[in-house]
>>> print(open('my_file-v7.txt').read())   # compact mmCIF, C-alpha atoms
# COMPACT_ATOMS: atom_id res chain seq x y z
CA MET O 785 15.35 -29.51 -36.94
CA ILE O 786 18.62 -31.00 -35.73
CA ARG O 787 20.07 -27.50 -35.39
CA THR O 788 17.11 -26.38 -33.21
CA VAL O 789 17.41 -29.45 -30.98
CA ALA O 790 21.16 -28.88 -30.63
CA SER O 791 20.65 -25.20 -29.74
CA THR O 792 17.97 -26.06 -27.18
CA THR O 793 20.10 -28.83 -25.66
CA ALA O 794 23.09 -26.50 -25.35
CA LEU O 795 20.89 -23.84 -23.79
CA LEU O 796 19.46 -26.20 -21.18
CA ALA O 797 22.93 -27.52 -20.34
CA ALA O 798 24.16 -23.95 -19.86
CA ALA O 799 21.19 -23.23 -17.58
CA LEU O 800 21.95 -26.22 -15.38
CA VAL O 801 25.54 -25.16 -14.74
CA GLY O 802 25.06 -21.39 -14.98
CA LEU O 803 25.57 -19.04 -12.09
CA PRO O 804 22.75 -16.91 -10.62
CA GLY O 805 22.36 -13.75 -12.62
CA ALA O 806 23.66 -15.38 -15.79
CA THR O 807 21.68 -15.04 -19.00
CA ALA O 808 21.58 -17.68 -21.71
CA ALA O 809 19.76 -17.55 -25.04
CA ALA O 810 19.32 -20.03 -27.86
CA VAL O 811 20.71 -18.75 -31.12
CA GLY O 812 19.26 -20.21 -34.26
CA ASN O 813 18.30 -19.42 -37.79
CA GLY O 814 14.71 -18.50 -36.88
CA ASP O 815 13.24 -21.92 -37.70
CA GLY O 816 12.60 -22.96 -34.10
CA PRO O 817 11.56 -21.64 -30.72
CA ARG O 818 13.84 -19.34 -28.79
CA ILE O 819 14.21 -19.77 -25.05
CA VAL O 820 15.69 -17.12 -22.79
CA ILE O 821 16.70 -17.94 -19.24
CA THR O 822 17.61 -15.05 -17.00
CA SER O 823 17.80 -14.06 -13.38
CA VAL O 824 16.02 -10.78 -12.70
CA ASN O 825 15.61 -9.04 -9.37
CA GLN O 826 12.42 -7.00 -9.05
CA TYR O 827 11.63 -4.51 -6.31
CA ALA O 828 7.97 -4.01 -5.43
CA GLY O 829 8.58 -0.57 -3.98
CA ASP O 830 6.42 1.02 -1.36
CA ASP O 831 2.98 0.53 -2.88
CA ILE O 832 0.50 -2.20 -2.23
CA PHE O 833 -0.88 -3.71 -5.40
CA THR O 834 -2.94 -6.72 -6.38
CA ALA O 835 -0.99 -9.62 -7.85
CA GLY O 836 -4.06 -11.60 -8.90
CA ARG O 837 -6.84 -13.49 -7.19
CA ASP O 838 -6.67 -12.80 -3.43
CA ASN O 839 -2.93 -12.05 -3.29
CA THR O 840 -1.57 -8.68 -2.28
CA VAL O 841 2.08 -7.72 -2.77
CA GLY O 842 4.04 -4.77 -1.45
CA SER O 843 4.66 -3.09 1.82
CA HIS O 844 3.95 -0.02 3.91
CA ASN O 845 0.83 1.99 3.22
CA GLY O 846 0.69 2.48 -0.52
CA ASN O 847 1.51 6.16 -0.58
CA ASP O 848 5.12 5.97 -1.89
CA SER O 849 6.29 7.61 1.31
CA GLN O 850 9.41 6.33 2.97
CA THR O 851 9.34 8.92 5.73
CA PRO O 852 10.71 7.28 8.86
CA VAL O 853 8.69 7.56 12.04
CA THR O 854 11.10 9.06 14.55
CA SER O 855 8.96 8.75 17.65
CA LEU O 856 5.70 7.50 19.03
CA PRO O 857 2.95 9.77 20.30
CA GLY O 858 3.78 11.32 23.62
CA THR O 859 7.56 11.04 23.43
CA GLY O 860 7.96 14.73 22.64
CA THR O 861 10.56 14.24 19.89
CA GLY O 862 10.01 14.25 16.13
CA ALA O 863 6.69 13.34 14.60
CA GLY O 864 3.80 11.67 16.33
CA VAL O 865 1.81 8.94 14.62
CA LEU O 866 -1.81 8.89 13.53
CA ARG O 867 -3.02 5.29 13.36
CA ILE O 868 -5.81 4.47 10.93
CA VAL O 869 -7.41 1.00 11.00
CA THR O 870 -9.90 0.01 8.30
CA GLY O 871 -12.47 -2.74 8.49
CA PRO O 872 -13.48 -5.44 6.01
CA SER O 873 -16.62 -3.60 4.90
CA LEU O 874 -14.77 -0.93 2.88
CA PRO O 875 -15.03 -1.36 -0.89
CA PHE O 876 -12.42 -3.82 -2.25
CA SER O 877 -11.07 -1.11 -4.56
CA GLY O 878 -10.68 1.19 -1.54
CA VAL O 879 -11.70 4.75 -0.81
CA PRO O 880 -9.46 7.26 -2.64
CA ARG O 881 -8.09 10.45 -1.14
CA VAL O 882 -9.53 13.60 -2.75
CA SER O 883 -7.38 16.20 -0.98
CA GLN O 884 -5.12 16.78 1.99
CA GLU O 885 -3.82 19.74 3.97
CA GLY O 886 -0.85 20.04 6.31
CA SER O 887 2.43 18.15 6.42
CA ALA O 888 1.10 14.62 7.01
CA ASP O 889 1.30 12.27 4.04
CA PHE O 890 -2.02 10.41 4.23
CA PRO O 891 -2.50 7.19 2.22
CA ARG O 892 -3.74 7.71 -1.35
CA THR O 893 -6.38 5.03 -0.83
CA LEU O 894 -7.92 3.51 2.28
CA LEU O 895 -8.02 -0.22 1.58
CA PRO O 896 -10.11 -2.74 3.55
CA ASN O 897 -8.47 -4.60 6.46
CA TYR O 898 -5.34 -2.46 6.70
CA SER O 899 -3.56 -0.48 9.38
CA PHE O 900 -1.86 2.75 8.34
CA ASN O 901 0.66 4.70 10.44
CA VAL O 902 0.84 8.32 9.31
CA PRO O 903 3.68 10.48 10.71
CA VAL O 904 2.25 13.84 11.83
CA ASP O 905 4.32 16.84 12.98
CA ALA O 906 1.73 19.62 12.46
CA PRO O 907 -2.07 19.86 12.24
CA SER O 908 -3.19 18.02 9.10
CA SER O 909 -6.34 16.73 7.44
CA ALA O 910 -7.43 14.60 4.49
CA LEU O 911 -10.69 14.15 2.60
CA TYR O 912 -11.68 10.77 1.15
CA SER O 913 -14.67 9.97 -1.05
CA THR O 914 -16.13 6.67 -2.25
CA GLU O 915 -16.76 5.99 -5.91
CA GLY O 916 -19.94 7.78 -6.95
CA ASP O 917 -19.61 10.07 -3.91
CA GLN O 918 -21.85 7.80 -1.80
CA GLY O 919 -19.66 8.37 1.24
CA ARG O 920 -17.21 11.04 2.37
CA LEU O 921 -14.71 11.00 5.21
CA ARG O 922 -12.62 13.81 6.67
CA ILE O 923 -9.69 12.78 8.87
CA THR O 924 -8.05 15.36 11.14
CA ALA O 925 -4.89 15.15 13.21
CA ALA O 926 -4.09 17.77 15.84
CA VAL O 927 -0.62 17.85 17.44
CA ASP O 928 0.18 19.38 20.82
CA ALA O 929 3.54 20.83 21.95
CA SER O 930 4.68 17.43 23.25
CA GLY O 931 4.06 15.71 19.90
CA ASN O 932 0.89 13.93 21.00
CA VAL O 933 -1.49 13.36 18.09
CA THR O 934 -5.22 13.72 18.66
CA PRO O 935 -7.17 11.95 15.88
CA GLY O 936 -10.56 13.11 14.68
CA CYS O 937 -12.96 12.31 11.88
CA SER O 938 -16.35 13.14 10.42
CA THR O 939 -18.36 11.19 7.83
CA GLU O 940 -21.27 11.53 5.44
CA GLY O 941 -23.19 8.83 3.58
CA ASN O 942 -22.18 5.18 3.80
CA LEU O 943 -18.87 5.58 5.70
CA THR O 944 -18.42 5.43 9.47
CA CYS O 945 -15.46 6.51 11.57
CA GLU O 946 -14.82 6.61 15.29
CA VAL O 947 -11.92 7.24 17.61
CA GLN O 948 -11.07 4.09 19.57
CA GLN O 949 -8.50 3.21 22.23
CA ASP O 950 -6.20 0.22 22.66
CA ALA O 951 -2.95 -0.47 24.52
CA GLN O 952 -1.04 1.71 22.01
CA GLY O 953 -3.38 4.71 22.40
CA SER O 954 -6.00 6.39 20.22
CA PHE O 955 -6.66 5.39 16.63
CA LEU O 956 -9.30 5.88 13.93
CA LYS O 957 -11.51 2.91 13.04
CA ILE O 958 -13.07 3.31 9.58
CA GLU O 959 -15.88 1.11 8.23
CA SER O 960 -18.56 1.20 5.56
CA ARG O 961 -22.30 0.74 6.13
CA ARG O 962 -23.78 -1.96 3.97
>>> encode(input="my_file-v7.txt", output="structure tokens")
Amino acid sequence: MIRTVASTTALLAAALVGLPGATAAAVGNGDGPRIVITSVNQYAGDDIFTAGRDNTVGSHNGNDSQTPVTSLPGTGTGAGVLRIVTGPSLPFSGVPRVSQEGSADFPRTLLPNYSFNVPVDAPSSALYSTEGDQGRLRITAAVDASGNVTPGCSTEGNLTCEVQQDAQGSFLKIESRR
């Protein structure tokens, strides 16, 4: 018992004066608890994932793509951008992508209350389907010679999609019928 208390005391003292990134561990004869103190850096990457309860961790659009957007629609250089905005009525688990065509890297899953920016440099499309195939959505992106992206969509079942305008231009607004 005295040996365990001494090991634990030494460990805690080392932790108080240790530098960031240092690792300390209690060494004993196996008759007491072992405590490990360490400094670990973790990188969430490019995906969005649930961390528990109502917390979401991550960045970007969840498709592991780190393709930089080199221009905005209408600038005539590089890729244009297809903006996709989803509403709160989509299923919490999202609407997964079934297939895609063209060079655009569409999100793997359309999550509720998100905005996705998809770089587009050639005509592209993606098909999404809800769990149980209750709703289907086809997104299309046409690109003209100047790099302007024209969004389009069609739906079946319990999904809705429409092209809307704001100060930044055209975007797709995707919702689910309840």
>>> atom_distance(input="my_file-v7.txt", atom1="CA of Ala888 (chain O)", atom2="CA of Arg867 (chain O)")
12.0 Å
>>> atom_distance(input="my_file-v7.txt", atom1="CA of Ser960 (chain O)", atom2="CA of Val947 (chain O)")
15.0 Å
>>> residues_around(input="my_file-v7.txt", residues="region 930-938 of chain O", least_positions_apart="4", cutoff="10 Å", atoms="only C-alpha atoms", output="ChimeraX atom specification")
/O:855-868,903-911,920-926,943-948,953-958
>>> write_last_selection(input="my_file-v7.txt", atoms="C-alpha atoms", output="mmCIF file, keeping the file's coordinate frame")
data_model
loop_
_atom_site.group_PDB
_atom_site.id
_atom_site.type_symbol
_atom_site.label_atom_id
_atom_site.label_comp_id
_atom_site.auth_asym_id
_atom_site.auth_seq_id
_atom_site.Cartn_x
_atom_site.Cartn_y
_atom_site.Cartn_z
ATOM 1 C CA SER O 855 8.960 8.750 17.650
ATOM 2 C CA LEU O 856 5.700 7.500 19.030
ATOM 3 C CA PRO O 857 2.950 9.770 20.300
ATOM 4 C CA GLY O 858 3.780 11.320 23.620
ATOM 5 C CA THR O 859 7.560 11.040 23.430
ATOM 6 C CA GLY O 860 7.960 14.730 22.640
ATOM 7 C CA THR O 861 10.560 14.240 19.890
ATOM 8 C CA GLY O 862 10.010 14.250 16.130
ATOM 9 C CA ALA O 863 6.690 13.340 14.600
ATOM 10 C CA GLY O 864 3.800 11.670 16.330
ATOM 11 C CA VAL O 865 1.810 8.940 14.620
ATOM 12 C CA LEU O 866 -1.810 8.890 13.530
ATOM 13 C CA ARG O 867 -3.020 5.290 13.360
ATOM 14 C CA ILE O 868 -5.810 4.470 10.930
ATOM 15 C CA PRO O 903 3.680 10.480 10.710
ATOM 16 C CA VAL O 904 2.250 13.840 11.830
ATOM 17 C CA ASP O 905 4.320 16.840 12.980
ATOM 18 C CA ALA O 906 1.730 19.620 12.460
ATOM 19 C CA PRO O 907 -2.070 19.860 12.240
ATOM 20 C CA SER O 908 -3.190 18.020 9.100
ATOM 21 C CA SER O 909 -6.340 16.730 7.440
ATOM 22 C CA ALA O 910 -7.430 14.600 4.490
ATOM 23 C CA LEU O 911 -10.690 14.150 2.600
ATOM 24 C CA ARG O 920 -17.210 11.040 2.370
ATOM 25 C CA LEU O 921 -14.710 11.000 5.210
ATOM 26 C CA ARG O 922 -12.620 13.810 6.670
ATOM 27 C CA ILE O 923 -9.690 12.780 8.870
ATOM 28 C CA THR O 924 -8.050 15.360 11.140
ATOM 29 C CA ALA O 925 -4.890 15.150 13.210
ATOM 30 C CA ALA O 926 -4.090 17.770 15.840
ATOM 31 C CA LEU O 943 -18.870 5.580 5.700
ATOM 32 C CA THR O 944 -18.420 5.430 9.470
ATOM 33 C CA CYS O 945 -15.460 6.510 11.570
ATOM 34 C CA GLU O 946 -14.820 6.610 15.290
ATOM 35 C CA VAL O 947 -11.920 7.240 17.610
ATOM 36 C CA GLN O 948 -11.070 4.090 19.570
ATOM 37 C CA GLY O 953 -3.380 4.710 22.400
ATOM 38 C CA SER O 954 -6.000 6.390 20.220
ATOM 39 C CA PHE O 955 -6.660 5.390 16.630
ATOM 40 C CA LEU O 956 -9.300 5.880 13.930
ATOM 41 C CA LYS O 957 -11.510 2.910 13.040
ATOM 42 C CA ILE O 958 -13.070 3.310 9.580
#
>>> atom_distance(input="my_file-v7.txt", atom1="CA of Ser873 (chain O)", atom2="CA of Val902 (chain O)")
21.6 Å
>>> closest_residue(input="my_file-v7.txt", among="O:Pro875, O:Gly919, O:Pro880, O:Gly941", to="Asn897 (chain O)", atoms="all atoms listed in the file")
O:Pro875
